[in-house]
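Some notes on the structure that comes next.
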Amino acid sequence: MATDTSAPTTTPGGIAGPPDRRARRHRPRPQLVPTIVLLIGAVYCLLPVAWVAVAATKSGSTLFSTFTFAPSDALFDNIAELSAYRGGQFWRWMANTALYAGVGAAASAALSGLSGYTLAKYEFAGRSAIFNMLLAGVLVPGVILAVPQYLLLAKVGLADTYWSVLLPSIISPYGIYLARIYAAAAVPDTVIEAARTDGAGEFRIFRQVAAPMMIPGLITVFLFQFVAIWNNFLLPFIMLADDDKFPVTLGLYTLLNQGSTTPALYSLVITGSLLSIIPLVALFLCLQRYWRIDLLSGSIKA
């Protein structure tokens with residue numbers, strides 16, 4: 001006797017389930033159109049990076065004459081020539097960039113965390129107005145603020161110094177906004193009240209209770225600000241005149257301008273661009289483990 005495969009199945013509890021054929025019909029299928037769009041976007045973003053990686057292996061004579069995507073063997077020669085340029089000027093630019101980005105992003109994350117926690121957990125007059133001003137500050141492009149910042153810092157004698165690049169990088173309206181949103185979601189009011197009951201001061205509560213809970217959000221603020229400062233060009237271009245204080249973006253720009261008269265410098269610019277990407281990739285790989293939602297880990301560590 002033939003069995004009816006379209007008959008509904010019965011679960012152990014006696015509840016009839018859907019037919020096997022219907023279940024197979026409603027299985028999720030891969031969406032080809034979104035996948036293709038994402039692949040096209042990935043190729044669009046990664047193709048210039050791949051070109052830089054391959055071009056850095058080419059010598060100056062073959063860079064534009066017979067360029068192909070097949071790598072060559074001149075990478076280490078280009079790195080050695082770049083390192084020897086003006087007695088290692090490139091590595092000074094890299095050190096300056098690490099100083100600007102590291103110190104600026106760390107200070108910005110700390111200030112954003114404290115400011116965001118204050119806006120999220122304290123009631124005071126003008127809190128809504130301050131938060132609305134922060135939202136307005138997020139919408140203002142940094143290009144508009146570069147010239148007024150230069151005029152202010154020049155007035156106090158800080159132009160063409162390390163401080164002229166560091167100070168404008170510390171305050172980030174977007175970082176404060178993210179910290180405020182994350183503090184409101186990640187730090188329970190009951191934990192704060194319990195710490196106050198135990199006699200802890202407000203700053204100690206932030207440092208030992210709230211800040212550990214906000215670590216994933218603060219890491220996100222740090223990464224956003226680090227990448228923004230690392231890739232910043234306009235602010236150092238306006239603020240700095242001494243090339244010993246240049247970041248790598250401005251330093252490579254000066255090399256690129258010199259390449260119009262000395263074409264051999266183009267290969268150095270491309271090699272320097274490749275080397276400047278490596279710290280950003282390494283930073284993302286090292287800090288990605290902190291990107292998780294774990295609201296209780298901070299209080300347990302505290």
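By order in the structure tokens, chains are A, B, ...; within a chain, residues start at 1; ligands start at 1, following the order shown.
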- Task: With a distance cut-off of 12 Å and only C-alpha atoms, select the neighbouring residues of region 99-104 of chain A, excluding the residue or stretch itself and same-chain residues fewer than 5 positions from it, and output the selection as JSON, numbers by chain.
- Result: {"A": [92, 93, 94, 109, 110, 111, 112, 161, 162, 163, 164, 165, 166, 167, 168, 169, 170, 171, 172, 221, 222, 223, 224, 225, 226, 227, 228, 229, 230, 231, 232, 235, 236, 245, 246, 247, 248, 249, 279, 280, 283]}
- Message: Considering only alpha helix (DSSP H) as DSSP defines it on the backbone, what residues of region 64-218 of chain A qualify? List them as an NGL selection string.
- Response: :A and (75-84 or 89-121 or 127-139 or 142-155 or 163-170 or 173-186 or 189-197 or 202-205 or 211-213 or 215-218)
- Task: With a distance cut-off of 12 Å and only C-alpha atoms, select the neighbouring residues of Phe76 (chain A), excluding the residue or stretch itself and same-chain residues fewer than 2 positions from it, and output the selection as a count of residues only.
- Result: 18
- Task: Could you tell me which of A:Leu252, A:Lys155, A:Phe284, A:Gly113 comes closest to Arg207 (chain A) if we count only C-alpha atoms?
- Result: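 Answer, going by the shortest atom-to-atom distance: A:Gly113.
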- Message: With only C-alpha atoms as the counted atoms, please give the residues lying no more than 12 Å from Asn132 (chain A), apart from itself and same-chain residues fewer than 3 positions off, as a list in words.
- Response: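 Final neighbour list, sorted by chain and number: Leu119, Gly126, Arg127, Ser128, Ala129, Leu135, Ala136, Gly137, Val138, Leu139, Pro173, Tyr174, Ile176 and Tyr177 of chain A.
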- Query: Rounded to one decimal in Å, what is the spacing between CA of Val156 (chain A) and CA of Phe237 (chain A)?
  - Reply: 18.8 Å
- Task: Determine, counting only C-alpha atoms, which protein, DNA and RNA residues have an atom within 9 Å of an atom of Leu255 (chain A); residues of the same chain fewer than 4 positions away are not included. Present the result as number ranges by chain.
- Result: A: 250-251, 259, 265-266, 268-269
Write out, as an mmCIF file, in the first residue's frame, the residues just selected, with N, CA and C atoms.
```
data_model
loop_
_atom_site.group_PDB
_atom_site.id
_atom_site.type_symbol
_atom_site.label_atom_id
_atom_site.label_comp_id
_atom_site.auth_asym_id
_atom_site.auth_seq_id
_atom_site.Cartn_x
_atom_site.Cartn_y
_atom_site.Cartn_z
ATOM 1 N N LEU A 250 50.021 64.120 4.994
ATOM 2 C CA LEU A 250 50.596 65.359 4.473
ATOM 3 C C LEU A 250 51.991 65.122 3.919
ATOM 4 N N GLY A 251 52.754 64.234 4.545
ATOM 5 C CA GLY A 251 54.081 63.928 4.041
ATOM 6 C C GLY A 251 54.039 63.287 2.666
ATOM 7 N N GLY A 259 56.778 64.554 -7.194
ATOM 8 C CA GLY A 259 56.827 63.553 -8.253
ATOM 9 C C GLY A 259 56.589 64.116 -9.634
ATOM 10 N N LEU A 265 59.692 59.288 -7.578
ATOM 11 C CA LEU A 265 59.073 59.395 -6.257
ATOM 12 C C LEU A 265 57.665 58.813 -6.222
ATOM 13 N N TYR A 266 57.052 58.591 -7.380
ATOM 14 C CA TYR A 266 55.711 58.017 -7.397
ATOM 15 C C TYR A 266 55.692 56.632 -6.756
ATOM 16 N N LEU A 268 57.624 55.616 -4.438
ATOM 17 C CA LEU A 268 57.760 55.787 -2.995
ATOM 18 C C LEU A 268 56.423 56.177 -2.368
ATOM 19 N N VAL A 269 55.662 57.025 -3.068
ATOM 20 C CA VAL A 269 54.351 57.433 -2.552
ATOM 21 C C VAL A 269 53.424 56.230 -2.442
#
```
- Between CA of Met239 (chain A) and CA of Tyr150 (chain A), measure the distance and give it in Å to one decimal.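 These atoms are spaced 6.1 Å apart.
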- Task: Please identify all polymer residues within 12 Å of region 193-197 of chain A, counting only C-alpha atoms, omitting same-chain residues fewer than 5 positions from it, and present them as a ChimeraX atom specification.
- Result: /A:121,187-188,202-210,299,302
Using N, CA and C atoms, can you write the selected residues to a file as an mmCIF file, in the first residue's frame?
```
data_model
loop_
_atom_site.group_PDB
_atom_site.id
_atom_site.type_symbol
_atom_site.label_atom_id
_atom_site.label_comp_id
_atom_site.auth_asym_id
_atom_site.auth_seq_id
_atom_site.Cartn_x
_atom_site.Cartn_y
_atom_site.Cartn_z
ATOM 1 N N LYS A 121 22.944 59.775 32.542
ATOM 2 C CA LYS A 121 22.570 59.318 33.882
ATOM 3 C C LYS A 121 22.312 60.435 34.880
ATOM 4 N N VAL A 187 24.457 50.723 31.061
ATOM 5 C CA VAL A 187 24.692 50.941 32.487
ATOM 6 C C VAL A 187 23.338 51.018 33.200
ATOM 7 N N PRO A 188 22.934 49.985 33.921
ATOM 8 C CA PRO A 188 21.633 50.033 34.609
ATOM 9 C C PRO A 188 21.652 51.032 35.759
ATOM 10 N N GLU A 202 30.824 59.752 43.003
ATOM 11 C CA GLU A 202 30.334 59.748 41.626
ATOM 12 C C GLU A 202 31.431 59.409 40.625
ATOM 13 N N PHE A 203 32.611 59.989 40.785
ATOM 14 C CA PHE A 203 33.681 59.681 39.842
ATOM 15 C C PHE A 203 34.153 58.242 39.993
ATOM 16 N N ARG A 204 34.150 57.734 41.223
ATOM 17 C CA ARG A 204 34.532 56.334 41.427
ATOM 18 C C ARG A 204 33.500 55.396 40.793
ATOM 19 N N ILE A 205 32.233 55.762 40.857
ATOM 20 C CA ILE A 205 31.206 54.956 40.209
ATOM 21 C C ILE A 205 31.450 54.894 38.710
ATOM 22 N N PHE A 206 31.776 56.045 38.128
ATOM 23 C CA PHE A 206 32.057 56.043 36.689
ATOM 24 C C PHE A 206 33.292 55.214 36.374
ATOM 25 N N ARG A 207 34.347 55.379 37.158
ATOM 26 C CA ARG A 207 35.616 54.732 36.839
ATOM 27 C C ARG A 207 35.579 53.226 37.070
ATOM 28 N N GLN A 208 34.926 52.770 38.144
ATOM 29 C CA GLN A 208 34.981 51.360 38.500
ATOM 30 C C GLN A 208 33.724 50.583 38.116
ATOM 31 N N VAL A 209 32.624 51.260 37.881
ATOM 32 C CA VAL A 209 31.379 50.553 37.573
ATOM 33 C C VAL A 209 30.928 50.826 36.145
ATOM 34 N N ALA A 210 30.750 52.097 35.802
ATOM 35 C CA ALA A 210 30.183 52.429 34.491
ATOM 36 C C ALA A 210 31.184 52.225 33.355
ATOM 37 N N SER A 299 30.374 44.871 35.452
ATOM 38 C CA SER A 299 30.110 44.804 36.873
ATOM 39 C C SER A 299 30.805 43.613 37.509
ATOM 40 N N ALA A 302 34.378 44.656 37.926
ATOM 41 C CA ALA A 302 34.511 45.663 38.965
ATOM 42 C C ALA A 302 34.444 45.049 40.345
#
```
- Query: So how many Å separate CA of Ala107 (chain A) and CA of Thr220 (chain A), to one decimal?
  - Reply: 13.5 Å
